[in-house]
Amino acid sequence: MWRKIEKKIFDIELFIITISLFIMLCSVILQVFVRIFGLNSMGSTEIGMLTMTFLTFIGTSAITYTKDHISVELEQLIKNKKIVYVMNLLTNITLIIFSIILVLVTTKLYLYVLNSGEKTITLGIPVTISIGTMVLGALLMIIHALSDLINLLKYKDVKMEVK
């Protein structure tokens, strides 16, 4: 049941990443035309930077779900299954600790920016959107890493594959 819910979360993450990448591509193309014709950038740089935060932090949580991080490389290098198991445990525990710290730091930053009402210069996009994406991405990393850790502890002999 939980794996189905987590898969739906991952599907939403992929959708957000795809839309962000498309918007970023359009923004870059717009910037090129604006510079060719010597026009005002119309905030396309700000849009590009905003989508970059979505790609970075939501993308990182998606990578946590698919296990496309450093532990995959370790599994290819190390042939002993017990060592790989311990490395996967340590990777997930470290990722959870890192993500908790990231949530704490970015939440403080989010609250500060929320209180200040800071916005981008050209388009007036609230900075809370990009900082909120950092908080959300870190929370999603915790969810995915914790889920993987529980599965590792529950099914010690089974290699967990993402389908």
# chains A, B, ... in the order shown; residues from 1 in each chain; ligands from 1
call {"tool": "residues_around", "arguments": {"residues": "Met52 of chain A", "least_positions_apart": "3", "cutoff": "12 Å", "atoms": "only C-alpha atoms", "output": "JSON list (two decimals) with N, CA, C and O atoms, in the first residue's frame"}}
result
[["chain", "number", "residue", "atom", "x", "y", "z"],
["A", 16, "ILE", "N", 6.22, 17.59, -12.02],
["A", 16, "ILE", "CA", 6.77, 18.91, -11.67],
["A", 16, "ILE", "C", 8.11, 19.14, -12.35],
["A", 16, "ILE", "O", 8.37, 20.22, -12.89],
["A", 17, "ILE", "N", 8.95, 18.12, -12.35],
["A", 17, "ILE", "CA", 10.26, 18.23, -12.99],
["A", 17, "ILE", "C", 10.11, 18.48, -14.49],
["A", 17, "ILE", "O", 10.80, 19.32, -15.07],
["A", 18, "THR", "N", 9.21, 17.74, -15.12],
["A", 18, "THR", "CA", 8.98, 17.88, -16.56],
["A", 18, "THR", "C", 8.48, 19.27, -16.91],
["A", 18, "THR", "O", 8.99, 19.92, -17.84],
["A", 19, "ILE", "N", 7.49, 19.76, -16.17],
["A", 19, "ILE", "CA", 6.96, 21.10, -16.41],
["A", 19, "ILE", "C", 8.05, 22.15, -16.18],
["A", 19, "ILE", "O", 8.19, 23.09, -16.97],
["A", 20, "SER", "N", 8.82, 21.99, -15.11],
["A", 20, "SER", "CA", 9.90, 22.94, -14.82],
["A", 20, "SER", "C", 10.93, 22.97, -15.93],
["A", 20, "SER", "O", 11.39, 24.04, -16.34],
["A", 21, "LEU", "N", 11.29, 21.80, -16.43],
["A", 21, "LEU", "CA", 12.27, 21.73, -17.51],
["A", 21, "LEU", "C", 11.73, 22.39, -18.77],
["A", 21, "LEU", "O", 12.45, 23.13, -19.46],
["A", 22, "PHE", "N", 10.46, 22.17, -19.07],
["A", 22, "PHE", "CA", 9.83, 22.79, -20.24],
["A", 22, "PHE", "C", 9.81, 24.31, -20.10],
["A", 22, "PHE", "O", 10.16, 25.04, -21.03],
["A", 23, "ILE", "N", 9.42, 24.80, -18.91],
["A", 23, "ILE", "CA", 9.38, 26.24, -18.68],
["A", 23, "ILE", "C", 10.78, 26.84, -18.78],
["A", 23, "ILE", "O", 10.98, 27.90, -19.35],
["A", 24, "MET", "N", 11.76, 26.12, -18.22],
["A", 24, "MET", "CA", 13.14, 26.60, -18.29],
["A", 24, "MET", "C", 13.61, 26.67, -19.74],
["A", 24, "MET", "O", 14.25, 27.65, -20.15],
["A", 25, "LEU", "N", 13.29, 25.67, -20.52],
["A", 25, "LEU", "CA", 13.67, 25.67, -21.94],
["A", 25, "LEU", "C", 13.04, 26.85, -22.67],
["A", 25, "LEU", "O", 13.71, 27.56, -23.42],
["A", 27, "SER", "N", 12.08, 29.62, -21.33],
["A", 27, "SER", "CA", 12.71, 30.82, -20.79],
["A", 27, "SER", "C", 14.05, 31.10, -21.46],
["A", 27, "SER", "O", 14.35, 32.24, -21.80],
["A", 28, "VAL", "N", 14.83, 30.06, -21.65],
["A", 28, "VAL", "CA", 16.14, 30.22, -22.29],
["A", 28, "VAL", "C", 15.97, 30.64, -23.75],
["A", 28, "VAL", "O", 16.67, 31.54, -24.23],
["A", 45, "THR", "N", 14.97, 35.58, -16.94],
["A", 45, "THR", "CA", 16.05, 35.09, -16.08],
["A", 45, "THR", "C", 15.47, 34.62, -14.74],
["A", 45, "THR", "O", 15.86, 33.57, -14.22],
["A", 46, "GLU", "N", 14.54, 35.40, -14.19],
["A", 46, "GLU", "CA", 13.93, 35.04, -12.92],
["A", 46, "GLU", "C", 13.12, 33.75, -13.04],
["A", 46, "GLU", "O", 13.13, 32.91, -12.15],
["A", 47, "ILE", "N", 12.44, 33.59, -14.15],
["A", 47, "ILE", "CA", 11.66, 32.37, -14.37],
["A", 47, "ILE", "C", 12.62, 31.18, -14.45],
["A", 47, "ILE", "O", 12.36, 30.12, -13.87],
["A", 48, "GLY", "N", 13.72, 31.36, -15.16],
["A", 48, "GLY", "CA", 14.71, 30.29, -15.26],
["A", 48, "GLY", "C", 15.28, 29.90, -13.91],
["A", 48, "GLY", "O", 15.44, 28.72, -13.61],
["A", 49, "MET", "N", 15.59, 30.90, -13.08],
["A", 49, "MET", "CA", 16.13, 30.60, -11.75],
["A", 49, "MET", "C", 15.09, 29.91, -10.87],
["A", 49, "MET", "O", 15.42, 29.01, -10.10],
["A", 55, "LEU", "N", 13.75, 22.00, -10.26],
["A", 55, "LEU", "CA", 14.54, 20.90, -10.82],
["A", 55, "LEU", "C", 15.52, 20.35, -9.80],
["A", 55, "LEU", "O", 15.70, 19.14, -9.68],
["A", 56, "THR", "N", 16.17, 21.23, -9.07],
["A", 56, "THR", "CA", 17.19, 20.79, -8.12],
["A", 56, "THR", "C", 16.60, 20.03, -6.94],
["A", 56, "THR", "O", 17.02, 18.90, -6.66],
["A", 57, "PHE", "N", 15.63, 20.61, -6.26],
["A", 57, "PHE", "CA", 15.18, 20.02, -5.01],
["A", 57, "PHE", "C", 14.10, 18.95, -5.19],
["A", 57, "PHE", "O", 14.13, 17.93, -4.50],
["A", 58, "ILE", "N", 13.19, 19.14, -6.10],
["A", 58, "ILE", "CA", 12.21, 18.09, -6.38],
["A", 58, "ILE", "C", 12.92, 16.95, -7.13],
["A", 58, "ILE", "O", 12.66, 15.78, -6.91],
["A", 59, "GLY", "N", 13.87, 17.32, -8.00],
["A", 59, "GLY", "CA", 14.67, 16.32, -8.71],
["A", 59, "GLY", "C", 15.50, 15.47, -7.77],
["A", 59, "GLY", "O", 15.62, 14.26, -7.96],
["A", 60, "THR", "N", 16.04, 16.09, -6.74],
["A", 60, "THR", "CA", 16.83, 15.34, -5.76],
["A", 60, "THR", "C", 15.96, 14.34, -5.01],
["A", 60, "THR", "O", 16.38, 13.21, -4.76],
["A", 129, "ILE", "N", 8.43, 30.98, -2.81],
["A", 129, "ILE", "CA", 8.18, 29.84, -3.71],
["A", 129, "ILE", "C", 9.43, 29.00, -3.85],
["A", 129, "ILE", "O", 9.41, 27.78, -3.68],
["A", 130, "SER", "N", 10.56, 29.65, -4.15],
["A", 130, "SER", "CA", 11.80, 28.88, -4.33],
["A", 130, "SER", "C", 12.30, 28.30, -3.02],
["A", 130, "SER", "O", 12.75, 27.15, -2.98],
["A", 131, "ILE", "N", 12.19, 29.05, -1.92],
["A", 131, "ILE", "CA", 12.62, 28.53, -0.63],
["A", 131, "ILE", "C", 11.69, 27.41, -0.17],
["A", 131, "ILE", "O", 12.13, 26.40, 0.39],
["A", 133, "THR", "N", 10.22, 25.37, -2.08],
["A", 133, "THR", "CA", 10.60, 24.20, -2.86],
["A", 133, "THR", "C", 11.75, 23.46, -2.21],
["A", 133, "THR", "O", 11.81, 22.23, -2.23],
["A", 134, "MET", "N", 12.66, 24.20, -1.60],
["A", 134, "MET", "CA", 13.77, 23.57, -0.87],
["A", 134, "MET", "C", 13.24, 22.76, 0.30],
["A", 134, "MET", "O", 13.66, 21.61, 0.51]]
call {"tool": "residues_around", "arguments": {"residues": "Ala62 of chain A", "least_positions_apart": "2", "cutoff": "9 Å", "atoms": "only C-alpha atoms", "output": "PyMOL selection string"}}
result
chain A and resi 9-11+13-14+57-60+64-68+137+140-141+144
call {"tool": "residues_around", "arguments": {"residues": "Gly132 of chain A", "least_positions_apart": "3", "cutoff": "9 Å", "atoms": "only C-alpha atoms", "output": "PyMOL selection string"}}
result
chain A and resi 106-107+110+127-129+135-137
call {"tool": "closest_residue", "arguments": {"among": "A:Leu139, A:Ile96, A:Val34, A:Leu152", "to": "Val84 of chain A", "atoms": "only C-alpha atoms"}}
result
A:Leu152
call {"tool": "atom_distance", "arguments": {"atom1": "atom CA of Thr53 of chain A", "atom2": "atom CA of Gly117 of chain A"}}
result
18.7 Å
call {"tool": "atom_distance", "arguments": {"atom1": "atom CA of Tyr112 of chain A", "atom2": "atom CA of Pro126 of chain A"}}
result
12.4 Å
call {"tool": "atom_distance", "arguments": {"atom1": "atom CA of Thr51 of chain A", "atom2": "atom CA of Ile125 of chain A"}}
result
11.9 Å
call {"tool": "closest_residue", "arguments": {"among": "A:Leu95, A:Arg3, A:Asn88, A:Leu50", "to": "Gly124 of chain A", "atoms": "only C-alpha atoms"}}
result
A:Leu50
